[in-house]
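Written below as structure tokens is the structure these notes are about.
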Amino acid sequence: MKNYHLISNGQAITTLDTFKVFNPSTSELVAEAPKATLEQLNSIIQSARDAFPQWSSLTHSERQNYINKIADVLEQNSEEIAKIITKEQGKPIGASLGSMFEIGGAIAWARYTATLETPVKVLQDDENGRVELHRRPLGVVASITPWNWPVLIAIWHIIPALLTGNTVICKPSPYTPLSTLRMIELMNSVLPKGVINSVTGGDELGAALSNHPEINKVVFTGSTATGKKVMSSAADTLKHLTLELGGNDAGIVLPDCDPEAIAPGLFWGAFINNGQTCAAMKRLYVHRSIYDQVCTSLTNFAKSIKVGDGFEEGAELGPVQNQMQFDIVNRLVKQSVEQGGKVLLGGPLDNPKGLFFPITLVAIEDNQNPLVQNEQFGPALPIIPYDTVEEAIAMANDNDSGLGGSVWSTDKAKAASIAAKLECGSVWINKHGAVQPNSPFGGIKSSGLGVEFGEEGLLANTNIQCILS
Ligand code: NAD
């Protein structure tokens with residue numbers, strides 16, 4: 001069994017305590033992960049602080065070169081990292097949206113982000129004076145990540161922060177710490193000491209990072225409830241925050257769609273990573289005139305998907321990652337049936353063993369049904385009929401979440417006019433959840449604060465300094 005270490009100041013750090021990381025497919029122990037003390041956390045923060053002056057004084061192009069070196073070293077070790085992801089997270093290694101896809105996406109993301117610039121903006125240059133707007137790094141950025149896409153989400157946090165001259169501390173989820181620990185170790189083989197550091201342990205480390213006076217920004221991806229805690233504990237030291245929180249994305253299918261043709265796109269929009277994806281479709285609204293056909297096509301397509309251990313040949317979806325999430329999914333599906341939902345496929349489990357939950361589709365009339373109103377974050381999709389587009393938009397917006405949404409139609413202009421009325425940060429047309437590195441991504445309402453990706457995401461890691469002469 002491989003030993004995992006924290007990395008601080010370029011050195012591997014061992015801890016007195018460890019915690020166990022289990023494979024959700026088999027319940028077997030994958031490894032013991034280091035459990036840092038708060039004293040160790042302080043010294044890790046100090047190492048990031050010490051590395052900041054030198055890292056921030058490099059030129060942008062020197063840091064671009066370092067980011068490309070990170071992409072290279074991850075590429076050279078991508079298979080190893082993908083195996084760790086599959087062992088601790090459960091997503092299949094060979095599936096088109098599995099762990100090789102996750103590490104491949106992370107590498108592509110790093111390379112694209114490395115091409116972004118932060119040029120000085122000249123706001124005025126005339127006989128009355130010159131005003132230049134510069135972007136300066138914030139200092140030390142803490143990245144706190146969830147368990148669904150451990151490597152990809154960490155890359156989303158780390159790369160823009162490093163590129164703009166900040167040093168970083170990563171705290172992965174206690175459910176999936178190993179791939180992040182290995183990735184940070186690899187990054188340290190190409191970066192100066194202290195620029196990127198890792199810390200693992202319990203949730204208390206996240207809380208300690210959020211109110212630590214030597215941390216300048218927290219970039220947090222996780223649940224809305226925890227995001228609110230991060231925001232309140234960051235208040236004392238007025239930290240910069242980017243919060244990417246829970247979603248309950250709606251998809252709206254217009255009556256002009258061909259049910260057979262859209263079934264694969266609808267399925268993968270909802271079930272990518274077994275539904276354990278912030279921007280997965282979590283509610284599907286279908287015009288009543290084609291409702292039955294869409295339910296049938298989606299059910300038939302879903303039946304063709306193989307669920308299994310992530311190392312099993314042909315497995316496209318794995319288990320739910322942890323018991324807590326499994327119980328949420330099972331409870332919401334049970335409640336949805338008790339409140340009138342009709343199971344089309346799968347359904348609630350009475351005496352579940354293990355973490356495999358069947359792909360579940362539920363036909364639901366009532367928009368207030370618990371499976372519609374709450375984020376299930378798992379392999380269960382409610383399908384709700386509507387009669388008018390106005391009704392569909394009102395139902396889609398009748399939720400605290402506002403991360404993403406989608407409209408499905410052969411009439412792109414009509415779809416775009418509906419998109420404009422959806423209360424969410426991203427709207428896809430004829431696809432769902434396809435985040436990309438050049439398109440700023442973030443939630444509104446309870447789904448978050450600020451954006452990641454693209455120029456706007458990069459600049460969220462900087463302070464503005466104006467020089468007026
Ligand atoms: P979570 O909120 O339970 O945990 C996320 C991280 O926060 C973990 O690293 C955890 O250790 C840490 N943490 C726990 N308590 C903390 C505290 N008091 N202060 C600081 N950090 C603390 O979320 P999760 O269960 O790991 O992930 C699932 C949730 O994440 C879902 O709601 C999902 O929608 C959301 N998510 C959102 C996005 C997005 O981009 N919007 C992406 C992925 C996941």
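If you're wondering about the labels, chains in the structure tokens are A, B, ... by order shown, residues count from 1 in each chain, ligands from 1 in order shown.
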Kindly assemble as a Markdown table a list of the segment 345-441 of chain A residues that lie within 6 Å of segment 288-294 of chain A, each paired with its nearest atom pair and their distance in Å to one decimal, using only C-alpha atoms, sorted first by chain and then by ascending residue number.
| residue | atom | partner | partner_atom | distance |
| --- | --- | --- | --- | --- |
| A:Pro385 | CA | A:Arg288 | CA | 5.2 |
| A:Tyr386 | CA | A:Arg288 | CA | 5.6 |
| A:Asp387 | CA | A:Arg288 | CA | 5.8 |
Ligand 1 neighbours within 8 Å using only C-alpha atoms and all ligand atoms, as a PDB file with C-alpha atoms, in the first residue's frame:
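Produced file selection_36.pdb, reproduced below:
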ATOM      1  CA  ILE A 144     -10.930  23.560  -0.388  1.00  0.00           C
ATOM      2  CA  THR A 145     -12.363  20.858  -2.634  1.00  0.00           C
ATOM      3  CA  PRO A 146     -15.161  18.227  -2.618  1.00  0.00           C
ATOM      4  CA  TRP A 147     -15.054  14.489  -3.386  1.00  0.00           C
ATOM      5  CA  ASN A 148     -16.759  14.297  -6.783  1.00  0.00           C
ATOM      6  CA  TRP A 149     -14.019  15.483  -9.202  1.00  0.00           C
ATOM      7  CA  ILE A 153     -11.675  20.836  -9.280  1.00  0.00           C
ATOM      8  CA  LYS A 171      -7.196  20.868   1.293  1.00  0.00           C
ATOM      9  CA  PRO A 172      -9.021  18.024  -0.440  1.00  0.00           C
ATOM     10  CA  SER A 173     -12.110  16.256   0.878  1.00  0.00           C
ATOM     11  CA  PRO A 174     -11.382  13.615   3.543  1.00  0.00           C
ATOM     12  CA  TYR A 175     -13.255  11.140   1.282  1.00  0.00           C
ATOM     13  CA  GLY A 201      -7.397  15.732   7.736  1.00  0.00           C
ATOM     14  CA  GLY A 202     -10.852  16.519   9.019  1.00  0.00           C
ATOM     15  CA  ASP A 203     -13.295  19.293   8.209  1.00  0.00           C
ATOM     16  CA  GLU A 204     -11.797  21.367  11.055  1.00  0.00           C
ATOM     17  CA  LEU A 205      -8.805  22.105   8.798  1.00  0.00           C
ATOM     18  CA  GLY A 206     -11.165  23.763   6.294  1.00  0.00           C
ATOM     19  CA  ALA A 207     -12.615  25.882   9.071  1.00  0.00           C
ATOM     20  CA  ALA A 208      -9.113  26.785  10.306  1.00  0.00           C
ATOM     21  CA  LEU A 209      -8.020  27.813   6.799  1.00  0.00           C
ATOM     22  CA  SER A 210     -11.139  29.933   6.348  1.00  0.00           C
ATOM     23  CA  PHE A 220     -14.192  26.747  -2.054  1.00  0.00           C
ATOM     24  CA  THR A 221     -16.195  24.143  -3.959  1.00  0.00           C
ATOM     25  CA  GLY A 222     -18.718  22.162  -1.981  1.00  0.00           C
ATOM     26  CA  SER A 223     -22.159  22.312  -0.464  1.00  0.00           C
ATOM     27  CA  THR A 224     -24.090  25.512   0.079  1.00  0.00           C
ATOM     28  CA  ALA A 225     -24.278  24.835   3.832  1.00  0.00           C
ATOM     29  CA  THR A 226     -20.479  24.613   4.158  1.00  0.00           C
ATOM     30  CA  GLY A 227     -19.996  27.550   1.766  1.00  0.00           C
ATOM     31  CA  LYS A 229     -19.782  28.649   7.038  1.00  0.00           C
ATOM     32  CA  VAL A 230     -16.680  29.512   4.999  1.00  0.00           C
ATOM     33  CA  SER A 233     -15.536  32.516   9.171  1.00  0.00           C
ATOM     34  CA  LEU A 243     -17.689  29.977  -3.664  1.00  0.00           C
ATOM     35  CA  GLU A 244     -18.839  27.265  -6.074  1.00  0.00           C
ATOM     36  CA  LEU A 245     -21.763  25.648  -4.300  1.00  0.00           C
ATOM     37  CA  GLY A 246     -24.594  23.206  -4.786  1.00  0.00           C
ATOM     38  CA  GLY A 247     -26.850  23.224  -7.808  1.00  0.00           C
ATOM     39  CA  ASN A 248     -30.261  21.919  -8.802  1.00  0.00           C
ATOM     40  CA  GLN A 276     -22.397  13.539  -8.546  1.00  0.00           C
ATOM     41  CA  THR A 277     -21.575  16.666 -10.490  1.00  0.00           C
ATOM     42  CA  CYS A 278     -22.449  20.190  -9.442  1.00  0.00           C
ATOM     43  CA  ALA A 279     -23.588  21.192 -12.917  1.00  0.00           C
ATOM     44  CA  GLN A 325     -24.577  10.750  -0.149  1.00  0.00           C
ATOM     45  CA  GLU A 375     -30.246  18.518  -4.801  1.00  0.00           C
ATOM     46  CA  PHE A 377     -26.338  14.687  -6.200  1.00  0.00           C
ATOM     47  CA  LEU A 403     -25.901  27.130 -11.043  1.00  0.00           C
ATOM     48  CA  PHE A 441     -18.604  29.523 -14.616  1.00  0.00           C
ATOM     49  CA  GLY A 442     -20.319  30.237 -11.320  1.00  0.00           C
ATOM     50  CA  GLY A 443     -23.629  30.149  -9.545  1.00  0.00           C
ATOM     51  CA  SER A 447     -25.186  28.361  -5.800  1.00  0.00           C
ATOM     52  CA  GLY A 448     -22.257  30.618  -5.144  1.00  0.00           C
TER      53      GLY A 448
END
Quiz prompt | Which of A:Thr410, A:Ser446, A:Asn374, A:Gln321 sits closest to Asn23 of chain A [using only C-alpha atoms] | solution = A:Gln321
Quiz item: A:Thr115, A:Ser57, A:Glu390, A:Ser179: which is nearest Arg136 of chain A, counting only C-alpha atoms?
Solution: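 Among A:Thr115, A:Ser57, A:Glu390, A:Ser179, it is A:Ser57 that comes nearest to Arg136 of chain A.
Proximity to Ala142 of chain A at 7 Å, evaluated using only C-alpha atoms and with sequence-adjacent residues fewer than 2 positions away removed, yields Val140, Ile144, Val168, Ile169, Cys170, Leu209, Ile215, Lys217, Val218 and Val219 of chain A.
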Would you save the residues of that selection, restricted to N, CA and C atoms, as a short mmCIF file (atom, residue, chain, number, x, y, z; two decimals), in the first residue's frame?
data_model
loop_
_atom_site.label_atom_id
_atom_site.label_comp_id
_atom_site.auth_asym_id
_atom_site.auth_seq_id
_atom_site.Cartn_x
_atom_site.Cartn_y
_atom_site.Cartn_z
N VAL A 140 -1.55 34.31 -0.20
CA VAL A 140 -1.71 32.86 -0.07
C VAL A 140 -3.18 32.51 -0.30
N ILE A 144 -10.20 24.61 -1.12
CA ILE A 144 -10.93 23.56 -0.39
C ILE A 144 -11.85 22.87 -1.39
N VAL A 168 -0.17 28.58 -2.88
CA VAL A 168 -1.44 27.87 -2.66
C VAL A 168 -1.29 26.74 -1.63
N ILE A 169 -2.37 26.55 -0.87
CA ILE A 169 -2.49 25.37 0.00
C ILE A 169 -3.77 24.64 -0.39
N CYS A 170 -3.65 23.34 -0.66
CA CYS A 170 -4.83 22.57 -1.08
C CYS A 170 -5.31 21.70 0.05
N LEU A 209 -8.52 27.05 7.96
CA LEU A 209 -8.02 27.81 6.80
C LEU A 209 -8.89 29.04 6.54
N ILE A 215 -4.13 33.71 5.46
CA ILE A 215 -4.72 33.29 4.18
C ILE A 215 -5.46 34.49 3.58
N LYS A 217 -7.15 34.43 0.43
CA LYS A 217 -8.36 34.08 -0.32
C LYS A 217 -8.69 32.62 -0.06
N VAL A 218 -9.99 32.32 -0.02
CA VAL A 218 -10.42 30.93 -0.02
C VAL A 218 -11.21 30.71 -1.31
N VAL A 219 -10.81 29.69 -2.05
CA VAL A 219 -11.62 29.25 -3.18
C VAL A 219 -12.20 27.91 -2.75
#
Quiz prompt | DSSP strand (DSSP E or B) residues within segment 55-301 of chain A, as a PyMOL selection string | solution = chain A and resi 121-126+129-137+140-144+167-171+196-198+217-221+240-244+249-253+281-287
Exercise. Within 12 Å of Ala416 of chain A, counting only C-alpha atoms, which residues show up once you throw out same-chain ones fewer than 4 positions away? Write them as an MDAnalysis selection string, please.
Key: chainID A and resid 252 405:412 420:422 426:430
Dump as a short mmCIF file (atom, residue, chain, number, x, y, z; two decimals), in the first residue's frame, selection limited to all heavy atoms:
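Ended up saving to again-v3.cif:
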data_model
loop_
_atom_site.label_atom_id
_atom_site.label_comp_id
_atom_site.auth_asym_id
_atom_site.auth_seq_id
_atom_site.Cartn_x
_atom_site.Cartn_y
_atom_site.Cartn_z
N ILE A 252 -34.96 22.03 -19.85
CA ILE A 252 -36.31 22.22 -20.40
C ILE A 252 -36.31 21.71 -21.84
O ILE A 252 -35.54 22.20 -22.69
CB ILE A 252 -36.71 23.71 -20.37
CG1 ILE A 252 -36.74 24.22 -18.92
CG2 ILE A 252 -38.07 23.92 -21.05
CD1 ILE A 252 -37.08 25.70 -18.79
N GLY A 405 -28.43 25.54 -16.26
CA GLY A 405 -29.72 25.14 -16.81
C GLY A 405 -29.51 24.79 -18.26
O GLY A 405 -28.43 25.04 -18.82
N SER A 406 -30.53 24.18 -18.89
CA SER A 406 -30.40 23.90 -20.32
C SER A 406 -31.75 23.97 -20.99
O SER A 406 -32.79 23.78 -20.35
CB SER A 406 -29.75 22.53 -20.56
OG SER A 406 -30.55 21.50 -20.02
N VAL A 407 -31.70 24.29 -22.30
CA VAL A 407 -32.91 24.31 -23.11
C VAL A 407 -32.63 23.44 -24.33
O VAL A 407 -31.56 23.54 -24.94
CB VAL A 407 -33.27 25.74 -23.55
CG1 VAL A 407 -34.60 25.75 -24.30
CG2 VAL A 407 -33.34 26.69 -22.35
N TRP A 408 -33.59 22.58 -24.66
CA TRP A 408 -33.41 21.62 -25.75
C TRP A 408 -34.45 21.91 -26.82
O TRP A 408 -35.66 21.88 -26.57
CB TRP A 408 -33.58 20.19 -25.21
CG TRP A 408 -32.58 19.89 -24.12
CD1 TRP A 408 -32.57 20.42 -22.86
CD2 TRP A 408 -31.46 19.02 -24.19
NE1 TRP A 408 -31.50 19.94 -22.14
CE2 TRP A 408 -30.80 19.07 -22.93
CE3 TRP A 408 -30.92 18.20 -25.19
CZ2 TRP A 408 -29.65 18.34 -22.66
CZ3 TRP A 408 -29.77 17.46 -24.91
CH2 TRP A 408 -29.14 17.54 -23.67
N SER A 409 -33.97 22.25 -28.03
CA SER A 409 -34.88 22.61 -29.11
C SER A 409 -34.11 22.62 -30.42
O SER A 409 -32.90 22.84 -30.44
CB SER A 409 -35.44 24.02 -28.85
OG SER A 409 -36.18 24.47 -29.96
N THR A 410 -34.83 22.44 -31.54
CA THR A 410 -34.18 22.60 -32.83
C THR A 410 -34.13 24.08 -33.21
O THR A 410 -33.44 24.45 -34.15
CB THR A 410 -34.94 21.81 -33.92
OG1 THR A 410 -36.32 22.16 -33.82
CG2 THR A 410 -34.78 20.32 -33.75
N ASP A 411 -34.88 24.92 -32.49
CA ASP A 411 -34.93 26.35 -32.77
C ASP A 411 -34.00 27.07 -31.77
O ASP A 411 -34.41 27.39 -30.65
CB ASP A 411 -36.38 26.82 -32.62
CG ASP A 411 -36.54 28.29 -32.93
OD1 ASP A 411 -35.52 29.02 -32.95
OD2 ASP A 411 -37.69 28.72 -33.12
N LYS A 412 -32.76 27.33 -32.21
CA LYS A 412 -31.75 27.86 -31.28
C LYS A 412 -32.11 29.26 -30.77
O LYS A 412 -31.82 29.61 -29.63
CB LYS A 412 -30.37 27.90 -31.95
CG LYS A 412 -29.68 26.56 -31.90
CD LYS A 412 -28.18 26.72 -32.07
CE LYS A 412 -27.48 25.39 -31.88
NZ LYS A 412 -26.05 25.44 -32.08
N ALA A 420 -32.43 33.27 -21.55
CA ALA A 420 -32.30 34.59 -20.93
C ALA A 420 -33.20 34.74 -19.70
O ALA A 420 -32.97 35.59 -18.86
CB ALA A 420 -32.63 35.67 -21.95
N LYS A 421 -34.24 33.90 -19.63
CA LYS A 421 -35.18 34.02 -18.50
C LYS A 421 -34.86 33.06 -17.35
O LYS A 421 -35.54 33.06 -16.33
CB LYS A 421 -36.60 33.76 -18.99
CG LYS A 421 -37.06 34.84 -19.96
CD LYS A 421 -38.47 34.60 -20.41
CE LYS A 421 -38.84 35.69 -21.41
NZ LYS A 421 -39.81 35.26 -22.38
N LEU A 422 -33.85 32.23 -17.54
CA LEU A 422 -33.50 31.27 -16.48
C LEU A 422 -32.55 31.93 -15.47
O LEU A 422 -31.58 32.58 -15.86
CB LEU A 422 -32.87 30.01 -17.07
CG LEU A 422 -33.80 29.15 -17.92
CD1 LEU A 422 -33.06 27.94 -18.48
CD2 LEU A 422 -35.03 28.70 -17.12
N SER A 426 -24.99 29.59 -15.93
CA SER A 426 -24.69 29.08 -17.29
C SER A 426 -25.94 28.44 -17.84
O SER A 426 -26.66 27.74 -17.10
CB SER A 426 -23.62 27.97 -17.25
OG SER A 426 -22.44 28.42 -16.67
N VAL A 427 -26.20 28.66 -19.11
CA VAL A 427 -27.30 27.92 -19.77
C VAL A 427 -26.73 27.28 -21.02
O VAL A 427 -26.10 27.94 -21.85
CB VAL A 427 -28.48 28.83 -20.16
CG1 VAL A 427 -29.64 27.97 -20.67
CG2 VAL A 427 -28.95 29.68 -18.98
N TRP A 428 -26.95 25.99 -21.14
CA TRP A 428 -26.51 25.25 -22.33
C TRP A 428 -27.71 25.03 -23.24
O TRP A 428 -28.84 24.88 -22.76
CB TRP A 428 -25.91 23.91 -21.93
CG TRP A 428 -24.62 24.05 -21.18
CD1 TRP A 428 -23.38 24.18 -21.71
CD2 TRP A 428 -24.44 24.07 -19.75
NE1 TRP A 428 -22.43 24.28 -20.71
CE2 TRP A 428 -23.05 24.22 -19.51
CE3 TRP A 428 -25.30 23.98 -18.65
CZ2 TRP A 428 -22.52 24.28 -18.21
CZ3 TRP A 428 -24.77 24.05 -17.37
CH2 TRP A 428 -23.40 24.19 -17.16
N ILE A 429 -27.44 25.00 -24.54
CA ILE A 429 -28.50 24.70 -25.50
C ILE A 429 -28.17 23.36 -26.16
O ILE A 429 -27.08 23.17 -26.70
CB ILE A 429 -28.65 25.84 -26.52
CG1 ILE A 429 -29.14 27.08 -25.75
CG2 ILE A 429 -29.62 25.46 -27.65
CD1 ILE A 429 -29.28 28.34 -26.54
N ASN A 430 -29.10 22.43 -26.02
CA ASN A 430 -28.97 21.06 -26.55
C ASN A 430 -27.78 20.29 -25.96
O ASN A 430 -27.24 19.38 -26.61
CB ASN A 430 -28.92 21.06 -28.08
CG ASN A 430 -30.23 21.56 -28.66
OD1 ASN A 430 -31.30 21.31 -28.08
ND2 ASN A 430 -30.16 22.29 -29.75
#
Exercise. Go through A:Leu191, A:Ile85, A:Leu355, A:Cys466 and flag the residue nearest Gly308 of chain A, using only C-alpha atoms for the distances.
Key: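 Closest candidate: A:Leu355.
Across A:Pro264, A:Gly105, A:Pro352, A:Pro24, the tightest approach to Thr176 of chain A is made by A:Pro24 when counting only C-alpha atoms.
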Quiz prompt | Selected residue, from A:Gln76, A:Arg182, A:Leu162, A:Pro92, that lies nearest to Lys2 of chain A when counting only C-alpha atoms | solution =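 Closest to Lys2 of chain A of all the choices is A:Arg182.
Proximity to Ile383 of chain A was assessed for A:Lys353, A:Lys445, A:His287, A:Arg130 counting only C-alpha atoms; the smallest distance is recorded for A:His287.
Taking atom CA of Val307 of chain A as the reference point, atom CA of Pro379 of chain A is found at 10.7 Å.
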Exercise. Please provide as a list in words all residues within 10 Å of Pro382 of chain A, with the sequence filter that same-chain residues fewer than 4 positions apart are discarded (counting only C-alpha atoms).
Key: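 Here the qualifying residues turn out to be Met281, Lys282, Arg283, Leu284, Tyr285, Val333, Ser336, Gly341, Lys342, Val343, Leu344, Thr360, Leu361, Val362, Ala363, Ile364, Glu365, Asn367, Asn369, Pro370, Leu371, Val372, Gln373 and Gln376 of chain A.
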